[in-house]
Amino acid sequence: MDQERPLRERLIDIGAELVMSEGTGALGLREIARRAGVSHGAPRRYFPTHHSLLSAIARRGFADLGERFAQVAAGARECTPRERVRAIGCAYVGYALEHPGMFELMFRHDLLDSGGQDPSDEPRLRESTLPLFSLLVALAGRCGAADPAVTAAALWANLHGVAQLWRWGSLPLVLGEDRAAGVERLVDAAVDAHLGGVPA
């Protein structure tokens with residue numbers, strides 16, 4: 001870890017590395033401070049609560065997911081809106097399966113419901129989901145959805161369920177397929193269910 005990097009960023013970096021490699025259970029304040037080479041009280045200068053540090057780590061996950069969406073969008077400029085929705089869906093589920101610890105942290109209800117957080121910890125974590133959701137709403141509208149926001153919300157819920165149930169082993173069990181084929185078929189089915197069976 002780069003000791004010259006500002007401590008606030010180092011703490012977030014270490015937390016992100018921990019959650020990626022060891023899961024959410026490893027995100028103790030003392031362990032993060034130890035790995036940063038500082039006293040266990042030092043993080044309080046930047047994060048008044050453990051909760052606020054976890055929120056900053058989770059926000060890093062949303063930034064990474066946003067970058068993945070941007071790469072998908074850049075690579076799908078010549079595609080139809082429906083094809084872009086499918087690509088984003090695959091990217092979303094793929095991220096969840098590749099980074100299960102971070103994905104779990106990003107959607108922890110106690111972090112997303114950030115009304116009780118210290119006011120200095122802004123923007124609120126919940127707001128990190130808005131740009132990603134807005135992209136899905138815009139694409140649903142271009143696909144002809146009568147109510148793009150509701151359609152995008154239902155599709156998001158469907159994709160999130162696919163990610164969770166695949167991670168827990170339920171979907172591989174019932175489908176008997178490998179990950180790549182199974183996830184692609186499930187994303188296709190979700191897109192068809194919410195945008196209709198005829199490509200836009």
# chains A, B, ... in the order shown; residues from 1 in each chain; ligands from 1
>>> residues_around(residues="region 28-32 of chain A", least_positions_apart="5", cutoff="12 Å", atoms="only C-alpha atoms", output="PyMOL selection string")
chain A and resi 1+7-19+22-23+37-44+47-54+57
>>> residues_around(residues="Ala157 (chain A)", least_positions_apart="6", cutoff="10 Å", atoms="only C-alpha atoms", output="PDB file with C-alpha atoms, in the first residue's frame")
ATOM      1  CA  THR A 151     -40.133  -1.108 -16.114  1.00  0.00           C
ATOM      2  CA  ALA A 163     -27.442 -12.351  -9.076  1.00  0.00           C
ATOM      3  CA  ALA A 190     -35.555 -10.979 -17.821  1.00  0.00           C
TER       4      ALA A 190
END
>>> closest_residue(among="A:Ala56, A:Glu104, A:Leu65, A:Val85", to="Thr24 (chain A)", atoms="only C-alpha atoms")
A:Glu104
>>> atom_distance(atom1="CA of Trp156 (chain A)", atom2="CA of Met20 (chain A)")
22.8 Å
>>> select_by_dssp(residues="region 19-192 of chain A", states="alpha helix (DSSP H)", output="ChimeraX atom specification")
/A:19-22,29-36,50-75,81-98,100-106,109-112,130-142,148-167,170-175,179-192
>>> write_last_selection(atoms="C-alpha atoms", output="short mmCIF file (atom, residue, chain, number, x, y, z; two decimals), in the first residue's frame")
data_model
loop_
_atom_site.label_atom_id
_atom_site.label_comp_id
_atom_site.auth_asym_id
_atom_site.auth_seq_id
_atom_site.Cartn_x
_atom_site.Cartn_y
_atom_site.Cartn_z
CA VAL A 19 -14.15 -6.87 1.13
CA MET A 20 -13.14 -8.15 -2.31
CA SER A 21 -10.83 -10.84 -0.91
CA GLU A 22 -12.43 -11.77 2.42
CA LEU A 29 -12.23 -0.80 11.83
CA ARG A 30 -9.23 -2.11 13.77
CA GLU A 31 -8.18 -4.45 10.96
CA ILE A 32 -8.42 -1.70 8.34
CA ALA A 33 -6.37 0.64 10.56
CA ARG A 34 -3.79 -2.10 11.24
CA ARG A 35 -3.31 -2.75 7.53
CA ALA A 36 -2.95 0.98 6.94
CA HIS A 50 -17.49 2.75 11.28
CA HIS A 51 -20.74 3.10 9.33
CA SER A 52 -19.40 6.10 7.41
CA LEU A 53 -16.22 4.22 6.44
CA LEU A 54 -18.28 1.26 5.20
CA SER A 55 -20.42 3.68 3.19
CA ALA A 56 -17.32 5.14 1.54
CA ILE A 57 -16.09 1.64 0.65
CA ALA A 58 -19.49 0.73 -0.77
CA ARG A 59 -19.52 3.97 -2.77
CA ARG A 60 -16.25 2.79 -4.36
CA GLY A 61 -18.14 -0.32 -5.47
CA PHE A 62 -20.82 1.81 -7.14
CA ALA A 63 -18.11 3.81 -8.90
CA ASP A 64 -16.54 0.59 -10.19
CA LEU A 65 -19.91 -0.71 -11.35
CA GLY A 66 -20.58 2.63 -13.05
CA GLU A 67 -17.27 2.33 -14.92
CA ARG A 68 -18.25 -1.14 -16.05
CA PHE A 69 -21.58 0.19 -17.33
CA ALA A 70 -19.75 3.01 -19.15
CA GLN A 71 -17.45 0.50 -20.85
CA VAL A 72 -20.44 -1.59 -21.90
CA ALA A 73 -22.20 1.51 -23.25
CA ALA A 74 -19.09 2.58 -25.15
CA GLY A 75 -18.78 -0.85 -26.71
CA PRO A 81 -31.34 0.06 -26.94
CA ARG A 82 -32.57 -3.46 -26.16
CA GLU A 83 -29.14 -4.94 -26.86
CA ARG A 84 -27.62 -2.32 -24.59
CA VAL A 85 -30.05 -3.26 -21.81
CA ARG A 86 -29.03 -6.88 -22.22
CA ALA A 87 -25.32 -5.96 -22.10
CA ILE A 88 -25.86 -3.88 -18.96
CA GLY A 89 -27.83 -6.73 -17.39
CA CYS A 90 -24.99 -9.16 -18.04
CA ALA A 91 -22.50 -6.64 -16.65
CA TYR A 92 -24.58 -6.15 -13.49
CA VAL A 93 -24.96 -9.85 -12.75
CA GLY A 94 -21.34 -10.47 -13.75
CA TYR A 95 -20.11 -7.85 -11.27
CA ALA A 96 -22.18 -9.42 -8.50
CA LEU A 97 -20.70 -12.85 -9.16
CA GLU A 98 -17.13 -11.64 -9.56
CA PRO A 100 -19.74 -10.91 -4.09
CA GLY A 101 -18.38 -9.22 -0.96
CA MET A 102 -18.48 -5.75 -2.48
CA PHE A 103 -21.89 -6.39 -4.04
CA GLU A 104 -23.30 -7.44 -0.68
CA LEU A 105 -21.87 -4.33 0.99
CA MET A 106 -23.23 -2.02 -1.72
CA HIS A 109 -30.03 -1.71 3.76
CA ASP A 110 -28.51 -0.10 6.84
CA LEU A 111 -25.96 1.69 4.64
CA LEU A 112 -28.34 2.64 1.85
CA LEU A 130 -29.36 7.04 -9.19
CA PRO A 131 -27.07 7.47 -12.25
CA LEU A 132 -27.10 3.72 -12.90
CA PHE A 133 -30.87 3.55 -12.56
CA SER A 134 -31.35 6.65 -14.75
CA LEU A 135 -29.41 4.94 -17.54
CA LEU A 136 -31.70 1.92 -17.34
CA VAL A 137 -34.80 4.16 -17.33
CA ALA A 138 -33.60 6.01 -20.44
CA LEU A 139 -32.96 2.75 -22.30
CA ALA A 140 -36.33 1.31 -21.24
CA GLY A 141 -37.98 4.44 -22.65
CA ARG A 142 -36.12 4.03 -25.93
CA PRO A 148 -39.92 3.45 -18.20
CA ALA A 149 -39.23 4.01 -14.50
CA VAL A 150 -41.43 1.15 -13.35
CA THR A 151 -40.13 -1.11 -16.11
CA ALA A 152 -36.52 -0.28 -15.20
CA ALA A 153 -37.23 -0.86 -11.50
CA ALA A 154 -38.84 -4.24 -12.17
CA LEU A 155 -35.98 -5.28 -14.46
CA TRP A 156 -33.41 -4.17 -11.87
CA ALA A 157 -35.20 -6.21 -9.20
CA ASN A 158 -35.22 -9.21 -11.55
CA LEU A 159 -31.50 -8.89 -12.33
CA HIS A 160 -30.66 -8.44 -8.65
CA GLY A 161 -32.61 -11.59 -7.85
CA VAL A 162 -30.75 -13.50 -10.57
CA ALA A 163 -27.44 -12.35 -9.08
CA GLN A 164 -28.38 -13.30 -5.53
CA LEU A 165 -29.91 -16.67 -6.35
CA TRP A 166 -26.98 -17.61 -8.57
CA ARG A 167 -24.53 -16.63 -5.81
CA SER A 170 -30.13 -22.04 -6.15
CA LEU A 171 -30.22 -21.20 -9.86
CA PRO A 172 -27.25 -23.38 -10.86
CA LEU A 173 -28.96 -26.25 -9.02
CA VAL A 174 -32.31 -25.95 -10.80
CA LEU A 175 -30.90 -25.08 -14.23
CA ARG A 179 -22.37 -19.78 -15.13
CA ALA A 180 -21.77 -18.13 -18.51
CA ALA A 181 -24.59 -19.90 -20.34
CA GLY A 182 -27.00 -19.80 -17.42
CA VAL A 183 -26.56 -16.11 -16.65
CA GLU A 184 -26.92 -15.10 -20.30
CA ARG A 185 -30.13 -17.09 -20.67
CA LEU A 186 -31.56 -15.65 -17.47
CA VAL A 187 -30.70 -12.08 -18.48
CA ASP A 188 -32.31 -12.69 -21.88
CA ALA A 189 -35.44 -14.00 -20.16
CA ALA A 190 -35.56 -10.98 -17.82
CA VAL A 191 -35.23 -8.56 -20.73
CA ASP A 192 -37.96 -10.38 -22.65
#
>>> atom_distance(atom1="CA of Phe107 (chain A)", atom2="CA of Ala26 (chain A)")
16.8 Å
>>> decode(residues="region 169-181 of chain A", atoms="all heavy atoms", output="PDB file, in the first residue's frame")
ATOM      1  N   GLY A 169     -26.374 -20.402  -5.105  1.00  0.00           N
ATOM      2  CA  GLY A 169     -26.367 -21.759  -5.636  1.00  0.00           C
ATOM      3  C   GLY A 169     -27.719 -22.301  -6.040  1.00  0.00           C
ATOM      4  O   GLY A 169     -27.808 -23.420  -6.549  1.00  0.00           O
ATOM      5  N   SER A 170     -28.786 -21.537  -5.831  1.00  0.00           N
ATOM      6  CA  SER A 170     -30.126 -22.036  -6.146  1.00  0.00           C
ATOM      7  C   SER A 170     -30.351 -22.177  -7.645  1.00  0.00           C
ATOM      8  O   SER A 170     -30.862 -23.200  -8.110  1.00  0.00           O
ATOM      9  CB  SER A 170     -31.186 -21.094  -5.556  1.00  0.00           C
ATOM     10  OG  SER A 170     -31.029 -20.983  -4.167  1.00  0.00           O
ATOM     11  N   LEU A 171     -29.986 -21.145  -8.420  1.00  0.00           N
ATOM     12  CA  LEU A 171     -30.224 -21.200  -9.863  1.00  0.00           C
ATOM     13  C   LEU A 171     -29.339 -22.224 -10.567  1.00  0.00           C
ATOM     14  O   LEU A 171     -29.829 -22.960 -11.439  1.00  0.00           O
ATOM     15  CB  LEU A 171     -30.079 -19.807 -10.478  1.00  0.00           C
ATOM     16  CG  LEU A 171     -31.184 -18.818 -10.094  1.00  0.00           C
ATOM     17  CD1 LEU A 171     -30.892 -17.437 -10.664  1.00  0.00           C
ATOM     18  CD2 LEU A 171     -32.548 -19.307 -10.570  1.00  0.00           C
ATOM     19  N   PRO A 172     -28.046 -22.314 -10.239  1.00  0.00           N
ATOM     20  CA  PRO A 172     -27.254 -23.383 -10.864  1.00  0.00           C
ATOM     21  C   PRO A 172     -27.835 -24.768 -10.588  1.00  0.00           C
ATOM     22  O   PRO A 172     -27.803 -25.650 -11.447  1.00  0.00           O
ATOM     23  CB  PRO A 172     -25.868 -23.230 -10.224  1.00  0.00           C
ATOM     24  CG  PRO A 172     -25.807 -21.810  -9.799  1.00  0.00           C
ATOM     25  CD  PRO A 172     -27.215 -21.445  -9.400  1.00  0.00           C
ATOM     26  N   LEU A 173     -28.397 -24.960  -9.387  1.00  0.00           N
ATOM     27  CA  LEU A 173     -28.965 -26.252  -9.019  1.00  0.00           C
ATOM     28  C   LEU A 173     -30.162 -26.602  -9.895  1.00  0.00           C
ATOM     29  O   LEU A 173     -30.266 -27.696 -10.442  1.00  0.00           O
ATOM     30  CB  LEU A 173     -29.368 -26.241  -7.542  1.00  0.00           C
ATOM     31  CG  LEU A 173     -30.051 -27.511  -7.028  1.00  0.00           C
ATOM     32  CD1 LEU A 173     -29.064 -28.675  -7.040  1.00  0.00           C
ATOM     33  CD2 LEU A 173     -30.583 -27.291  -5.615  1.00  0.00           C
ATOM     34  N   VAL A 174     -31.081 -25.634 -10.051  1.00  0.00           N
ATOM     35  CA  VAL A 174     -32.309 -25.952 -10.796  1.00  0.00           C
ATOM     36  C   VAL A 174     -32.099 -25.950 -12.306  1.00  0.00           C
ATOM     37  O   VAL A 174     -32.788 -26.667 -13.028  1.00  0.00           O
ATOM     38  CB  VAL A 174     -33.470 -24.996 -10.422  1.00  0.00           C
ATOM     39  CG1 VAL A 174     -33.812 -25.139  -8.945  1.00  0.00           C
ATOM     40  CG2 VAL A 174     -33.147 -23.543 -10.750  1.00  0.00           C
ATOM     41  N   LEU A 175     -31.132 -25.145 -12.792  1.00  0.00           N
ATOM     42  CA  LEU A 175     -30.903 -25.077 -14.231  1.00  0.00           C
ATOM     43  C   LEU A 175     -29.870 -26.091 -14.710  1.00  0.00           C
ATOM     44  O   LEU A 175     -29.891 -26.492 -15.877  1.00  0.00           O
ATOM     45  CB  LEU A 175     -30.452 -23.671 -14.638  1.00  0.00           C
ATOM     46  CG  LEU A 175     -31.491 -22.564 -14.508  1.00  0.00           C
ATOM     47  CD1 LEU A 175     -30.878 -21.225 -14.887  1.00  0.00           C
ATOM     48  CD2 LEU A 175     -32.708 -22.853 -15.381  1.00  0.00           C
ATOM     49  N   GLY A 176     -28.961 -26.477 -13.825  1.00  0.00           N
ATOM     50  CA  GLY A 176     -27.931 -27.425 -14.193  1.00  0.00           C
ATOM     51  C   GLY A 176     -27.024 -26.928 -15.299  1.00  0.00           C
ATOM     52  O   GLY A 176     -26.563 -27.699 -16.144  1.00  0.00           O
ATOM     53  N   GLU A 177     -26.765 -25.594 -15.317  1.00  0.00           N
ATOM     54  CA  GLU A 177     -25.938 -25.006 -16.364  1.00  0.00           C
ATOM     55  C   GLU A 177     -24.713 -24.343 -15.761  1.00  0.00           C
ATOM     56  O   GLU A 177     -24.698 -24.000 -14.586  1.00  0.00           O
ATOM     57  CB  GLU A 177     -26.730 -23.949 -17.140  1.00  0.00           C
ATOM     58  CG  GLU A 177     -27.889 -24.517 -17.943  1.00  0.00           C
ATOM     59  CD  GLU A 177     -28.555 -23.436 -18.779  1.00  0.00           C
ATOM     60  OE1 GLU A 177     -28.249 -22.253 -18.568  1.00  0.00           O
ATOM     61  OE2 GLU A 177     -29.377 -23.787 -19.626  1.00  0.00           O
ATOM     62  N   ASP A 178     -23.685 -24.153 -16.626  1.00  0.00           N
ATOM     63  CA  ASP A 178     -22.540 -23.402 -16.148  1.00  0.00           C
ATOM     64  C   ASP A 178     -22.903 -21.928 -16.075  1.00  0.00           C
ATOM     65  O   ASP A 178     -23.928 -21.496 -16.605  1.00  0.00           O
ATOM     66  CB  ASP A 178     -21.303 -23.624 -17.023  1.00  0.00           C
ATOM     67  CG  ASP A 178     -21.479 -23.138 -18.451  1.00  0.00           C
ATOM     68  OD1 ASP A 178     -22.064 -22.058 -18.654  1.00  0.00           O
ATOM     69  OD2 ASP A 178     -21.010 -23.835 -19.371  1.00  0.00           O
ATOM     70  N   ARG A 179     -22.051 -21.180 -15.413  1.00  0.00           N
ATOM     71  CA  ARG A 179     -22.372 -19.778 -15.130  1.00  0.00           C
ATOM     72  C   ARG A 179     -22.598 -18.949 -16.378  1.00  0.00           C
ATOM     73  O   ARG A 179     -23.610 -18.253 -16.492  1.00  0.00           O
ATOM     74  CB  ARG A 179     -21.263 -19.158 -14.284  1.00  0.00           C
ATOM     75  CG  ARG A 179     -21.488 -17.695 -13.997  1.00  0.00           C
ATOM     76  CD  ARG A 179     -20.457 -17.198 -13.033  1.00  0.00           C
ATOM     77  NE  ARG A 179     -19.899 -15.948 -13.490  1.00  0.00           N
ATOM     78  CZ  ARG A 179     -18.928 -15.311 -12.867  1.00  0.00           C
ATOM     79  NH1 ARG A 179     -18.384 -15.811 -11.793  1.00  0.00           N
ATOM     80  NH2 ARG A 179     -18.488 -14.172 -13.333  1.00  0.00           N
ATOM     81  N   ALA A 180     -21.681 -19.010 -17.338  1.00  0.00           N
ATOM     82  CA  ALA A 180     -21.774 -18.129 -18.506  1.00  0.00           C
ATOM     83  C   ALA A 180     -23.080 -18.349 -19.259  1.00  0.00           C
ATOM     84  O   ALA A 180     -23.832 -17.407 -19.530  1.00  0.00           O
ATOM     85  CB  ALA A 180     -20.578 -18.343 -19.423  1.00  0.00           C
ATOM     86  N   ALA A 181     -23.380 -19.612 -19.576  1.00  0.00           N
ATOM     87  CA  ALA A 181     -24.589 -19.904 -20.340  1.00  0.00           C
ATOM     88  C   ALA A 181     -25.838 -19.604 -19.527  1.00  0.00           C
ATOM     89  O   ALA A 181     -26.806 -19.017 -20.027  1.00  0.00           O
ATOM     90  CB  ALA A 181     -24.589 -21.366 -20.793  1.00  0.00           C
TER      91      ALA A 181
END
